[in-house]
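**Q** I'm passing along entry_0.pdb; it holds PDB, C-alpha atoms and all ligand atoms.
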```
ATOM      1  CA  MET A   7     -25.560 -45.620  39.376
ATOM      2  CA  VAL A   8     -22.618 -45.979  41.761
ATOM      3  CA  SER A   9     -19.818 -43.460  42.215
ATOM      4  CA  THR A  10     -16.325 -44.307  43.402
ATOM      5  CA  SER A  11     -15.274 -40.649  43.317
ATOM      6  CA  THR A  12     -13.436 -39.283  46.326
ATOM      7  CA  GLN A  13     -11.461 -36.327  47.615
ATOM      8  CA  ILE A  14      -8.320 -35.795  49.650
ATOM      9  CA  ALA A  15      -7.795 -32.388  51.241
ATOM     10  CA  GLY A  16     -10.355 -30.906  48.850
ATOM     11  CA  PHE A  17      -8.705 -32.361  45.719
ATOM     12  CA  HIS A  18     -11.238 -34.273  43.651
ATOM     13  CA  PHE A  19     -10.576 -37.710  42.119
ATOM     14  CA  GLU A  20     -12.915 -39.439  39.644
ATOM     15  CA  ASN A  21     -12.266 -42.719  41.435
ATOM     16  CA  CYS A  22     -10.394 -43.909  44.509
ATOM     17  CA  LEU A  23      -7.738 -46.133  42.892
ATOM     18  CA  MET A  24      -4.115 -45.242  42.153
ATOM     19  CA  ASN A  25      -0.597 -46.713  42.143
ATOM     20  CA  ALA A  26       1.488 -47.061  45.299
ATOM     21  CA  ALA A  27       4.728 -45.062  45.293
ATOM     22  CA  GLY A  28       7.479 -47.190  43.784
ATOM     23  CA  ILE A  29       5.287 -48.923  41.190
ATOM     24  CA  TYR A  30       5.017 -47.559  37.610
ATOM     25  CA  CYS A  31       6.230 -44.150  38.670
ATOM     26  CA  MET A  32       9.992 -43.851  38.122
ATOM     27  CA  THR A  33       9.852 -42.085  34.746
ATOM     28  CA  LYS A  34       7.485 -39.717  32.942
ATOM     29  CA  GLU A  35       6.680 -42.563  30.557
ATOM     30  CA  GLU A  36       5.587 -44.878  33.375
ATOM     31  CA  LEU A  37       3.631 -42.103  35.059
ATOM     32  CA  MET A  38       1.836 -41.353  31.775
ATOM     33  CA  GLU A  39       0.811 -45.023  31.582
ATOM     34  CA  ILE A  40      -0.966 -44.575  34.913
ATOM     35  CA  GLU A  41      -2.329 -41.175  33.851
ATOM     36  CA  ASN A  42      -3.832 -42.741  30.719
ATOM     37  CA  SER A  43      -5.268 -45.734  32.588
ATOM     38  CA  GLN A  44      -8.491 -45.893  34.617
ATOM     39  CA  ALA A  45      -6.580 -44.866  37.783
ATOM     40  CA  GLY A  46      -8.034 -41.858  39.595
ATOM     41  CA  SER A  47      -4.565 -40.418  40.196
ATOM     42  CA  PHE A  48      -0.882 -41.267  40.378
ATOM     43  CA  ILE A  49       1.871 -40.787  42.907
ATOM     44  CA  THR A  50       5.472 -40.315  41.824
ATOM     45  CA  LYS A  51       8.415 -42.421  42.947
ATOM     46  CA  THR A  52       9.776 -40.964  46.184
ATOM     47  CA  GLY A  53      12.132 -38.219  45.062
ATOM     48  CA  THR A  54      15.264 -37.403  47.049
ATOM     49  CA  LEU A  55      17.346 -34.219  46.872
ATOM     50  CA  GLU A  56      19.688 -35.780  44.293
ATOM     51  CA  ALA A  57      19.005 -38.603  41.858
ATOM     52  CA  ARG A  58      19.914 -42.086  43.155
ATOM     53  CA  SER A  59      20.611 -45.368  41.396
ATOM     54  CA  GLY A  60      19.459 -47.388  44.429
ATOM     55  CA  ASN A  61      20.561 -50.843  45.575
ATOM     56  CA  PRO A  62      22.199 -53.525  43.408
ATOM     57  CA  GLU A  63      19.978 -55.854  41.369
ATOM     58  CA  PRO A  64      18.148 -58.175  41.663
ATOM     59  CA  ARG A  65      16.229 -56.002  44.128
ATOM     60  CA  TYR A  66      12.592 -57.027  43.530
ATOM     61  CA  SER A  67      11.168 -60.522  43.387
ATOM     62  CA  ALA A  68       7.575 -61.690  43.027
ATOM     63  CA  THR A  69       6.430 -64.698  45.072
ATOM     64  CA  SER A  70       3.219 -66.701  44.986
ATOM     65  CA  LEU A  71       1.848 -64.590  47.858
ATOM     66  CA  GLY A  72       3.247 -61.168  46.994
ATOM     67  CA  SER A  73       6.685 -59.643  46.676
ATOM     68  CA  ILE A  74       9.912 -58.678  48.384
ATOM     69  CA  ASN A  75      11.919 -55.592  47.431
ATOM     70  CA  SER A  76      14.959 -53.684  48.483
ATOM     71  CA  MET A  77      15.045 -50.988  45.849
ATOM     72  CA  GLY A  78      16.910 -48.439  47.988
ATOM     73  CA  LEU A  79      15.042 -45.384  46.702
ATOM     74  CA  PRO A  80      16.281 -45.294  43.111
ATOM     75  CA  ASN A  81      14.816 -42.093  41.617
ATOM     76  CA  LEU A  82      15.542 -39.239  39.255
ATOM     77  CA  GLY A  83      15.677 -36.556  41.949
ATOM     78  CA  PHE A  84      12.646 -34.691  43.304
ATOM     79  CA  HIS A  85      13.005 -31.813  40.779
ATOM     80  CA  TYR A  86      12.257 -34.238  37.937
ATOM     81  CA  TYR A  87       8.933 -35.230  39.507
ATOM     82  CA  LEU A  88       8.060 -31.733  40.719
ATOM     83  CA  ASP A  89       8.623 -30.278  37.236
ATOM     84  CA  PHE A  90       6.609 -33.093  35.650
ATOM     85  CA  VAL A  91       3.500 -32.731  37.838
ATOM     86  CA  ARG A  92       3.658 -28.921  37.521
ATOM     87  CA  GLU A  93       3.678 -29.236  33.722
ATOM     88  CA  LEU A  94       0.956 -31.890  33.645
ATOM     89  CA  GLU A  95      -1.376 -30.002  35.945
ATOM     90  CA  LYS A  96      -1.261 -26.939  33.685
ATOM     91  CA  GLU A  97      -3.589 -28.927  31.385
ATOM     92  CA  GLU A  98      -7.174 -28.232  32.376
ATOM     93  CA  SER A  99      -8.116 -31.892  31.836
ATOM     94  CA  SER A 100      -5.330 -33.154  34.118
ATOM     95  CA  LYS A 101      -6.103 -35.368  37.094
ATOM     96  CA  ASN A 102      -4.843 -34.312  40.520
ATOM     97  CA  HIS A 103      -1.660 -36.049  41.648
ATOM     98  CA  PHE A 104       0.603 -36.808  44.586
ATOM     99  CA  LEU A 105       4.299 -35.964  44.751
ATOM    100  CA  SER A 106       6.273 -38.339  47.018
ATOM    101  CA  VAL A 107       9.497 -37.039  48.594
ATOM    102  CA  VAL A 108      11.972 -37.595  51.405
ATOM    103  CA  GLY A 109      15.506 -36.469  52.188
ATOM    104  CA  LEU A 110      18.268 -38.774  53.363
ATOM    105  CA  SER A 111      18.518 -36.583  56.473
ATOM    106  CA  PRO A 112      16.163 -34.127  58.180
ATOM    107  CA  ASP A 113      18.162 -31.265  56.624
ATOM    108  CA  GLU A 114      17.638 -32.672  53.129
ATOM    109  CA  THR A 115      13.927 -33.161  53.805
ATOM    110  CA  HIS A 116      13.659 -29.501  54.841
ATOM    111  CA  LEU A 117      15.546 -28.356  51.728
ATOM    112  CA  ILE A 118      13.115 -30.308  49.538
ATOM    113  CA  LEU A 119       9.964 -29.125  51.286
ATOM    114  CA  LYS A 120      11.123 -25.510  51.443
ATOM    115  CA  GLU A 121      11.657 -25.605  47.708
ATOM    116  CA  ILE A 122       8.197 -27.062  47.118
ATOM    117  CA  GLN A 123       6.724 -24.455  49.450
ATOM    118  CA  ALA A 124       8.421 -21.705  47.435
ATOM    119  CA  SER A 125       7.337 -23.183  44.075
ATOM    120  CA  ASP A 126       4.023 -22.668  42.290
ATOM    121  CA  TYR A 127       3.070 -26.325  42.897
ATOM    122  CA  GLN A 128      -0.179 -26.261  44.839
ATOM    123  CA  GLY A 129      -0.881 -30.010  44.833
ATOM    124  CA  LEU A 130      -0.599 -32.834  47.334
ATOM    125  CA  VAL A 131       2.740 -34.010  48.740
ATOM    126  CA  GLU A 132       3.373 -37.306  50.514
ATOM    127  CA  LEU A 133       6.406 -37.385  52.793
ATOM    128  CA  ASN A 134       7.785 -40.930  52.924
ATOM    129  CA  LEU A 135       8.633 -41.648  56.564
ATOM    130  CA  SER A 136       8.812 -45.386  56.063
ATOM    131  CA  CYS A 137      11.341 -46.624  53.487
ATOM    132  CA  PRO A 138      12.944 -49.769  54.989
ATOM    133  CA  ASN A 139      15.566 -50.282  52.296
ATOM    134  CA  VAL A 140      18.311 -47.664  52.563
ATOM    135  CA  PRO A 141      21.245 -49.292  54.384
ATOM    136  CA  GLY A 142      22.069 -47.420  57.587
ATOM    137  CA  LYS A 143      18.857 -45.315  57.502
ATOM    138  CA  PRO A 144      16.109 -46.526  59.832
ATOM    139  CA  GLN A 145      12.421 -46.084  59.052
ATOM    140  CA  ILE A 146      11.803 -42.609  60.456
ATOM    141  CA  ALA A 147       8.257 -43.221  61.661
ATOM    142  CA  TYR A 148       9.425 -45.973  64.040
ATOM    143  CA  ASP A 149      11.245 -43.250  65.998
ATOM    144  CA  PHE A 150       8.405 -41.259  67.555
ATOM    145  CA  GLU A 151      10.625 -38.516  68.971
ATOM    146  CA  MET A 152      12.304 -37.886  65.635
ATOM    147  CA  THR A 153       8.948 -38.002  63.821
ATOM    148  CA  GLU A 154       7.453 -35.395  66.123
ATOM    149  CA  ASN A 155      10.520 -33.160  65.796
ATOM    150  CA  ILE A 156      10.563 -33.387  61.996
ATOM    151  CA  LEU A 157       6.827 -32.675  61.694
ATOM    152  CA  SER A 158       7.083 -29.801  64.120
ATOM    153  CA  ASP A 159       9.936 -28.227  62.123
ATOM    154  CA  ILE A 160       8.166 -28.848  58.798
ATOM    155  CA  PHE A 161       4.877 -27.260  59.788
ATOM    156  CA  SER A 162       6.666 -24.128  60.986
ATOM    157  CA  TYR A 163       7.201 -23.216  57.298
ATOM    158  CA  TYR A 164       5.224 -25.675  55.149
ATOM    159  CA  LYS A 165       1.693 -24.433  54.454
ATOM    160  CA  LYS A 166       0.611 -26.635  51.540
ATOM    161  CA  PRO A 167      -1.309 -29.928  51.780
ATOM    162  CA  LEU A 168       1.001 -32.615  53.161
ATOM    163  CA  GLY A 169       0.519 -36.235  54.172
ATOM    164  CA  ILE A 170       2.851 -38.970  55.396
ATOM    165  CA  LYS A 171       3.513 -42.554  54.296
ATOM    166  CA  LEU A 172       3.714 -44.787  57.335
ATOM    167  CA  PRO A 173       5.276 -48.140  58.064
ATOM    168  CA  PRO A 174       3.013 -50.748  59.655
ATOM    169  CA  TYR A 175       2.629 -50.620  63.423
ATOM    170  CA  PHE A 176       1.923 -53.834  65.282
ATOM    171  CA  ASP A 177       0.976 -52.842  68.803
ATOM    172  CA  ILE A 178      -2.109 -51.027  70.108
ATOM    173  CA  VAL A 179       0.101 -48.808  72.280
ATOM    174  CA  HIS A 180       2.056 -47.782  69.181
ATOM    175  CA  PHE A 181      -1.182 -46.925  67.339
ATOM    176  CA  ASP A 182      -2.113 -44.722  70.316
ATOM    177  CA  GLN A 183       1.304 -43.063  70.536
ATOM    178  CA  ALA A 184       1.641 -42.457  66.811
ATOM    179  CA  ALA A 185      -1.896 -41.081  66.493
ATOM    180  CA  SER A 186      -1.420 -38.698  69.399
ATOM    181  CA  ILE A 187       1.637 -37.255  67.609
ATOM    182  CA  PHE A 188      -0.046 -37.010  64.194
ATOM    183  CA  ASN A 189      -3.091 -35.311  65.737
ATOM    184  CA  LYS A 190      -0.869 -32.385  66.797
ATOM    185  CA  PHE A 191      -0.234 -31.409  63.172
ATOM    186  CA  PRO A 192      -2.315 -30.129  60.225
ATOM    187  CA  LEU A 193      -1.652 -33.279  58.190
ATOM    188  CA  SER A 194      -3.938 -33.798  55.190
ATOM    189  CA  PHE A 195      -3.623 -37.577  55.231
ATOM    190  CA  VAL A 196      -1.698 -40.595  56.414
ATOM    191  CA  ASN A 197      -0.988 -43.464  54.026
ATOM    192  CA  CYS A 198      -1.068 -46.921  55.670
ATOM    193  CA  ILE A 199       1.061 -48.914  54.920
ATOM    194  CA  ASN A 200       4.449 -49.153  53.309
ATOM    195  CA  SER A 201       5.841 -52.683  52.941
ATOM    196  CA  ILE A 202       6.436 -54.750  56.077
ATOM    197  CA  GLY A 203      10.125 -54.039  56.441
ATOM    198  CA  ASN A 204      12.985 -56.503  56.413
ATOM    199  CA  GLY A 205      11.410 -59.845  55.654
ATOM    200  CA  LEU A 206      13.309 -62.717  54.054
ATOM    201  CA  VAL A 207      12.205 -64.878  51.124
ATOM    202  CA  ILE A 208      14.232 -68.003  50.372
ATOM    203  CA  ASP A 209      14.357 -70.113  47.216
ATOM    204  CA  ASP A 210      15.882 -73.542  47.877
ATOM    205  CA  GLU A 211      18.766 -72.433  50.155
ATOM    206  CA  GLN A 212      19.283 -68.919  48.831
ATOM    207  CA  VAL A 213      17.769 -65.483  49.312
ATOM    208  CA  VAL A 214      16.002 -64.045  46.236
ATOM    209  CA  ILE A 215      17.255 -60.433  46.253
ATOM    210  CA  LYS A 216      20.815 -59.156  46.435
ATOM    211  CA  PRO A 217      20.838 -56.099  48.761
ATOM    212  CA  LYS A 218      21.119 -56.443  52.530
ATOM    213  CA  GLN A 219      21.789 -60.213  52.329
ATOM    214  CA  GLY A 220      18.232 -60.740  51.094
ATOM    215  CA  PHE A 221      16.308 -58.641  53.654
ATOM    216  CA  GLY A 222      13.566 -56.560  52.065
ATOM    217  CA  GLY A 223      10.100 -55.027  52.312
ATOM    218  CA  ILE A 224       7.229 -57.479  51.948
ATOM    219  CA  GLY A 225       4.129 -56.604  49.904
ATOM    220  CA  GLY A 226       1.074 -58.326  48.455
ATOM    221  CA  ASP A 227      -1.235 -60.928  50.027
ATOM    222  CA  TYR A 228       1.013 -61.349  53.081
ATOM    223  CA  ILE A 229       0.320 -57.821  54.278
ATOM    224  CA  LYS A 230      -3.407 -57.177  53.753
ATOM    225  CA  PRO A 231      -4.508 -57.956  57.346
ATOM    226  CA  THR A 232      -1.758 -55.700  58.722
ATOM    227  CA  ALA A 233      -2.663 -52.946  56.249
ATOM    228  CA  LEU A 234      -6.373 -53.139  57.120
ATOM    229  CA  ALA A 235      -5.565 -53.044  60.842
ATOM    230  CA  ASN A 236      -3.423 -49.925  60.398
ATOM    231  CA  VAL A 237      -6.036 -48.179  58.235
ATOM    232  CA  HIS A 238      -8.748 -48.887  60.790
ATOM    233  CA  ALA A 239      -6.633 -48.141  63.861
ATOM    234  CA  PHE A 240      -5.777 -44.683  62.494
ATOM    235  CA  TYR A 241      -9.345 -44.122  61.269
ATOM    236  CA  GLN A 242     -10.470 -44.705  64.864
ATOM    237  CA  ARG A 243      -7.826 -42.421  66.376
ATOM    238  CA  LEU A 244      -7.068 -39.520  64.036
ATOM    239  CA  ASN A 245      -8.850 -36.182  63.850
ATOM    240  CA  PRO A 246     -11.464 -36.433  61.057
ATOM    241  CA  SER A 247      -9.522 -33.758  59.126
ATOM    242  CA  ILE A 248      -6.674 -36.281  58.634
ATOM    243  CA  GLN A 249      -7.811 -38.665  55.913
ATOM    244  CA  ILE A 250      -6.493 -42.182  55.348
ATOM    245  CA  ILE A 251      -5.060 -43.698  52.181
ATOM    246  CA  GLY A 252      -5.127 -47.495  52.282
ATOM    247  CA  THR A 253      -2.254 -49.458  50.746
ATOM    248  CA  GLY A 254      -1.377 -53.131  51.080
ATOM    249  CA  GLY A 255      -2.554 -56.382  49.580
ATOM    250  CA  VAL A 256      -5.027 -54.914  47.081
ATOM    251  CA  LYS A 257      -5.519 -57.117  44.031
ATOM    252  CA  SER A 258      -9.327 -57.222  43.719
ATOM    253  CA  GLY A 259     -12.411 -55.048  44.124
ATOM    254  CA  ARG A 260     -13.110 -56.908  47.356
ATOM    255  CA  ASP A 261      -9.692 -55.862  48.756
ATOM    256  CA  ALA A 262     -10.344 -52.215  47.841
ATOM    257  CA  PHE A 263     -13.824 -52.474  49.407
ATOM    258  CA  GLU A 264     -12.283 -53.742  52.667
ATOM    259  CA  HIS A 265      -9.772 -50.871  52.806
ATOM    260  CA  ILE A 266     -12.626 -48.360  52.393
ATOM    261  CA  LEU A 267     -14.748 -50.208  54.964
ATOM    262  CA  CYS A 268     -11.813 -49.785  57.371
ATOM    263  CA  GLY A 269     -11.745 -46.040  56.672
ATOM    264  CA  ALA A 270      -9.681 -45.383  53.547
ATOM    265  CA  SER A 271     -10.606 -42.442  51.320
ATOM    266  CA  MET A 272      -8.294 -43.597  48.551
ATOM    267  CA  VAL A 273      -6.708 -46.987  47.806
ATOM    268  CA  GLN A 274      -3.254 -47.632  46.360
ATOM    269  CA  ILE A 275      -2.115 -50.718  44.477
ATOM    270  CA  GLY A 276       1.485 -51.912  44.628
ATOM    271  CA  THR A 277       2.540 -55.521  44.032
ATOM    272  CA  ALA A 278      -0.567 -56.441  41.983
ATOM    273  CA  LEU A 279      -0.004 -53.415  39.700
ATOM    274  CA  GLN A 280       3.618 -54.455  39.227
ATOM    275  CA  GLU A 281       2.511 -57.949  38.207
ATOM    276  CA  GLU A 282      -0.630 -57.134  36.162
ATOM    277  CA  GLY A 283       0.146 -53.694  34.717
ATOM    278  CA  PRO A 284      -2.082 -50.580  34.500
ATOM    279  CA  ALA A 285      -5.051 -52.515  33.054
ATOM    280  CA  ILE A 286      -5.587 -53.636  36.658
ATOM    281  CA  PHE A 287      -7.351 -50.357  37.465
ATOM    282  CA  SER A 288     -10.350 -50.955  35.185
ATOM    283  CA  ARG A 289     -10.726 -54.531  36.464
ATOM    284  CA  ILE A 290     -10.626 -53.570  40.150
ATOM    285  CA  LEU A 291     -12.883 -50.569  39.577
ATOM    286  CA  LYS A 292     -15.471 -52.789  37.889
ATOM    287  CA  GLU A 293     -15.280 -55.346  40.703
ATOM    288  CA  LEU A 294     -15.648 -52.606  43.344
ATOM    289  CA  GLU A 295     -18.643 -51.098  41.531
ATOM    290  CA  GLU A 296     -20.282 -54.533  41.316
ATOM    291  CA  ILE A 297     -19.897 -55.042  45.077
ATOM    292  CA  MET A 298     -21.354 -51.597  45.765
ATOM    293  CA  LEU A 299     -24.275 -52.247  43.406
ATOM    294  CA  GLU A 300     -25.002 -55.590  45.036
ATOM    295  CA  LYS A 301     -24.992 -54.010  48.496
ATOM    296  CA  GLY A 302     -27.019 -50.966  47.449
ATOM    297  CA  TYR A 303     -24.230 -48.463  48.130
ATOM    298  CA  HIS A 304     -24.210 -45.395  45.869
ATOM    299  CA  SER A 305     -21.017 -43.716  47.070
ATOM    300  CA  LEU A 306     -17.934 -44.506  49.150
ATOM    301  CA  GLU A 307     -19.398 -42.427  52.005
ATOM    302  CA  ASP A 308     -22.187 -45.027  52.334
ATOM    303  CA  PHE A 309     -19.733 -47.561  53.797
ATOM    304  CA  ARG A 310     -16.420 -45.799  54.522
ATOM    305  CA  GLY A 311     -15.251 -46.663  58.041
ATOM    306  CA  LYS A 312     -18.458 -48.590  58.781
ATOM    307  CA  LEU A 313     -16.753 -51.860  59.674
ATOM    308  CA  HIS A 314     -19.047 -54.133  61.727
ATOM    309  CA  TYR A 315     -17.822 -55.533  65.041
ATOM    310  CA  LEU A 316     -19.053 -58.663  66.807
ATOM    311  CA  SER A 317     -21.112 -57.749  69.857
TER     312      SER A 317
HETATM  313  C1  LIG B   1      12.509 -48.401  47.902
HETATM  314  O1  LIG B   1      12.826 -47.622  47.004
HETATM  315  O2  LIG B   1      13.356 -49.011  48.561
HETATM  316  C2  LIG B   1      11.065 -48.647  48.213
HETATM  317  C3  LIG B   1      10.396 -47.409  48.665
HETATM  318  C4  LIG B   1       9.802 -47.517  50.010
HETATM  319  O3  LIG B   1       9.616 -48.626  50.543
HETATM  320  O4  LIG B   1       9.498 -46.485  50.597
END
```
Show me, as C-alpha cells, the structure contained in the file I just sent.
Ligand code: SIN

**A**
Amino acid sequence: MVSTSTQIAGFHFENCLMNAAGIYCMTKEELMEIENSQAGSFITKTGTLEARSGNPEPRYSATSLGSINSMGLPNLGFHYYLDFVRELEKEESSKNHFLSVVGLSPDETHLILKEIQASDYQGLVELNLSCPNVPGKPQIAYDFEMTENILSDIFSYYKKPLGIKLPPYFDIVHFDQAASIFNKFPLSFVNCINSIGNGLVIDDEQVVIKPKQGFGGIGGDYIKPTALANVHAFYQRLNPSIQIIGTGGVKSGRDAFEHILCGASMVQIGTALQEEGPAIFSRILKELEEIMLEKGYHSLEDFRGKLHYLS
C-alpha cells in the first residue's frame, strides 16, 4: 500500500495533486470539475477586489513544449470565490481548498485580506505575488523591499493560514535574499513557481498571443528545471514550518515525484491540465504510486526533500 496523502498547515489532503491557479478555476462549474476529479484539492483563479475581463484574446497558446499566456488576471472578483469555497466547505465530505487572491495595489490587497480575516473562512489563502501579465504592474516578488513591506503590513492583522505564489528566481543570491525575507514571517507555504514571465513564442513571423505584443508567461516542459531548482532552493533555505508547493512542468508521475524529491508537499498542474483536462489527475496519481511502489516508498515523507547530490 502506498499513500500520496499530504498536509499543508495542518489541512489534510487525500493526495498531493491539484490544479495550478489559472487553470480550470475561473467559474464554479470548472472548479466543480476539479472537485469531482481525483485531484486532492483545488485552488481558485486569483481573485481581485473587483471582477476583471483581463487582456484581449488570443491570450493563451499551447506549443509543442508547453504554453504561453497573457491572461491579465481575468476573474469574477474575490467575493465570488470566497463565497463559493465557504459554501462548499460547509459539506462535511468537502475537500480542503486554496483561495488565490491579490489586489492591483497594496491597498487593494489589504482590503481583500482584511475582509477574509473578518469572514468565517478558516481555510488556506494563497497571495499571488507573481502575475507577469498585467500591463504596468510588475511582479511584486521581484521587488524585495516591497515584498517585505507588504508581508509586514499583512501579518500585523492577518492571522489565518497564508502562503505566497512566487515567480521563478534565477540567481543563488536572490534565493538567499528572498528566503531571508520569507523566514521573517509566519507564512504557511510558498508556491514555486508561477510562469517564467515575458517570454515570446513566434509562429512563422508572428507572435502567437495578442496582449503586450506577444510577451507572456511560459509554462510546461520549458520550465520544469527552473521550477525544481526553485522548489529545492527554498526547501534548503526556509524554516521547516514554511512548506513548499511545487508547480511547473508537471505532466507525468515522474515529474510529480521529482517535485516532491526536491521538497514539495503538494504539486500543482497547469499547462498539462489545460491540455488534457481533469482526467489527468488519476493518470498522474497512478504513475506516481507505481514509482513509489517500485522504489519501496510508502508515503511522501519517505522521499520528500531527499534529493541525492554527487559527491
Ligand atoms: C494571468 O491571469 O495573467 C495569469 C495569472 C498569473 O500568472 O498569476

**Q** Please check which residues have atoms at most 9 Å from (-4.0, -43.1, 52.4) in the file's coordinates, counting all atoms listed in the file, and write them as a list of chain:residue names.

**A**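 Within 9 Å of (-4.0, -43.1, 52.4), the protein and nucleic acid residues are A:Ile14, A:Gly169, A:Ile170, A:Lys171, A:Phe195, A:Val196, A:Asn197, A:Cys198, A:Ile199, A:Val237, A:Gln249, A:Ile250, A:Ile251, A:Gly252, A:Thr253, A:Ala270, A:Ser271, A:Met272, A:Val273, A:Gln274.
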
**Q** Considering only C-alpha atoms and all ligand atoms, tabulate each residue of chain A that lies at most 9 Å from ligand LIG 1 (chain B) along with its nearest interatomic pair and the corresponding distance in Å to one decimal; arrange the rows by chain and ascending residue number and present them as JSON lines.

**A**
```
{"residue": "A:Ala27", "atom": "CA", "partner": "B:LIG1", "partner_atom": "C3", "distance": 7.0}
{"residue": "A:Gly28", "atom": "CA", "partner": "B:LIG1", "partner_atom": "C3", "distance": 5.7}
{"residue": "A:Lys51", "atom": "CA", "partner": "B:LIG1", "partner_atom": "C3", "distance": 7.8}
{"residue": "A:Thr52", "atom": "CA", "partner": "B:LIG1", "partner_atom": "C3", "distance": 6.9}
{"residue": "A:Gly60", "atom": "CA", "partner": "B:LIG1", "partner_atom": "O1", "distance": 7.1}
{"residue": "A:Asn61", "atom": "CA", "partner": "B:LIG1", "partner_atom": "O2", "distance": 8.0}
{"residue": "A:Arg65", "atom": "CA", "partner": "B:LIG1", "partner_atom": "O2", "distance": 8.8}
{"residue": "A:Asn75", "atom": "CA", "partner": "B:LIG1", "partner_atom": "O2", "distance": 6.8}
{"residue": "A:Ser76", "atom": "CA", "partner": "B:LIG1", "partner_atom": "O2", "distance": 4.9}
{"residue": "A:Met77", "atom": "CA", "partner": "B:LIG1", "partner_atom": "O2", "distance": 3.8}
{"residue": "A:Gly78", "atom": "CA", "partner": "B:LIG1", "partner_atom": "O2", "distance": 3.6}
{"residue": "A:Leu79", "atom": "CA", "partner": "B:LIG1", "partner_atom": "O1", "distance": 3.2}
{"residue": "A:Pro80", "atom": "CA", "partner": "B:LIG1", "partner_atom": "O1", "distance": 5.7}
{"residue": "A:Asn81", "atom": "CA", "partner": "B:LIG1", "partner_atom": "O1", "distance": 8.0}
{"residue": "A:Asn134", "atom": "CA", "partner": "B:LIG1", "partner_atom": "O4", "distance": 6.3}
{"residue": "A:Leu135", "atom": "CA", "partner": "B:LIG1", "partner_atom": "O4", "distance": 7.7}
{"residue": "A:Ser136", "atom": "CA", "partner": "B:LIG1", "partner_atom": "O4", "distance": 5.6}
{"residue": "A:Cys137", "atom": "CA", "partner": "B:LIG1", "partner_atom": "O4", "distance": 3.4}
{"residue": "A:Pro138", "atom": "CA", "partner": "B:LIG1", "partner_atom": "O3", "distance": 5.7}
{"residue": "A:Asn139", "atom": "CA", "partner": "B:LIG1", "partner_atom": "O2", "distance": 4.5}
{"residue": "A:Val140", "atom": "CA", "partner": "B:LIG1", "partner_atom": "O2", "distance": 6.5}
{"residue": "A:Gln145", "atom": "CA", "partner": "B:LIG1", "partner_atom": "O4", "distance": 9.0}
{"residue": "A:Lys171", "atom": "CA", "partner": "B:LIG1", "partner_atom": "O4", "distance": 8.1}
{"residue": "A:Pro173", "atom": "CA", "partner": "B:LIG1", "partner_atom": "O3", "distance": 8.7}
{"residue": "A:Asn200", "atom": "CA", "partner": "B:LIG1", "partner_atom": "O3", "distance": 5.9}
{"residue": "A:Ser201", "atom": "CA", "partner": "B:LIG1", "partner_atom": "O3", "distance": 6.0}
{"residue": "A:Ile202", "atom": "CA", "partner": "B:LIG1", "partner_atom": "O3", "distance": 8.8}
{"residue": "A:Gly203", "atom": "CA", "partner": "B:LIG1", "partner_atom": "O3", "distance": 8.0}
{"residue": "A:Gly222", "atom": "CA", "partner": "B:LIG1", "partner_atom": "O2", "distance": 8.3}
{"residue": "A:Gly223", "atom": "CA", "partner": "B:LIG1", "partner_atom": "O3", "distance": 6.7}
```

**Q** Translate the PyMOL selection byres (((chain A and resi 205-207) around 7) and not hetatm) into a concrete residue list for this structure, as an MDAnalysis selection string.

**A** chainID A and resid 203:204 208:209 213:214 220:224

**Q** Report as a VMD selection string the residues that result from applying the PyMOL selection byres (((chain A and resi 186) around 12) and not hetatm) to the structure here.

**A** chain A and resid 150 153 to 154 179 to 185 187 to 191 240 242 to 245

**Q** If the PyMOL selection byres (((chain A and resi 312) around 12) and not hetatm) were run on this exact file, what residues would it hold? Put them as a list in words.

**A**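 Applied to this file, the PyMOL selection byres (((chain A and resi 312) around 12) and not hetatm) selects His238, Tyr241, Gln242, Phe263, Glu264, His265, Ile266, Leu267, Cys268, Gly269, Ala270, Leu306, Glu307, Asp308, Phe309, Arg310, Gly311, Leu313, His314 and Tyr315 of chain A.
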
**Q** Between atom CA of A:Ala235 and atom CA of A:Ile160, what is the distance in Å, rounded to a tenth?

**A** 27.9 Å

**Q** Expressed in Å to a single decimal, how great is the separation between atom CA of A:Ser100 and atom CA of A:Asn42?

**A** 10.3 Å

**Q** For the atom pair atom CA of A:Asn21 and atom CA of A:Leu291, what is the interatomic distance in Å to one decimal place?

**A**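 One can read the atom CA of A:Asn21 to atom CA of A:Leu291 distance as 8.1 Å.
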
**Q** Which polymer residues have any atom within 9 Å of an atom of A:His103, counting only C-alpha atoms, with same-chain residues fewer than 4 positions away left out, as a PyMOL selection string?

**A** chain A and resi 17+46-50+91+95+129-131

**Q** For C-alpha atoms, I'd like the residues from the last selection saved as a compact mmCIF listing (two decimals), in the coordinates of the input.

**A**
```
# COMPACT_ATOMS: atom_id res chain seq x y z
CA PHE A 17 -8.70 -32.36 45.72
CA GLY A 46 -8.03 -41.86 39.60
CA SER A 47 -4.57 -40.42 40.20
CA PHE A 48 -0.88 -41.27 40.38
CA ILE A 49 1.87 -40.79 42.91
CA THR A 50 5.47 -40.32 41.82
CA VAL A 91 3.50 -32.73 37.84
CA GLU A 95 -1.38 -30.00 35.94
CA GLY A 129 -0.88 -30.01 44.83
CA LEU A 130 -0.60 -32.83 47.33
CA VAL A 131 2.74 -34.01 48.74
```

**Q** Enclose stretch 277-281 of chain A, meaning all of its atoms listed in the file, in a box aligned along x, y and z, pad it by 3 Å on each side, and list the centre and edge lengths in Å to one decimal, as lines of an AutoDock Vina configuration file.

**A**
```
center_x = 1.5
center_y = -55.7
center_z = 41.1
size_x = 10.2
size_y = 10.5
size_z = 11.8
```

**Q** Compute the distance from (-2.4, -30.0, 54.4) to each atom, counting all atoms listed in the file, keep the residues with any atom at most 8 Å away, and return them as a list of chain:residue names; use the coordinates of the file.

**A** A:Ala15, A:Leu130, A:Lys165, A:Lys166, A:Pro167, A:Leu168, A:Gly169, A:Pro192, A:Leu193, A:Ser194, A:Phe195

**Q** Smallest atom-to-atom distance to A:His116: which of A:Thr54, A:Glu35, A:Ile275, A:Arg289, using all atoms listed in the file?

**A**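 Nearest candidate to A:His116 out of A:Thr54, A:Glu35, A:Ile275, A:Arg289: A:Thr54.
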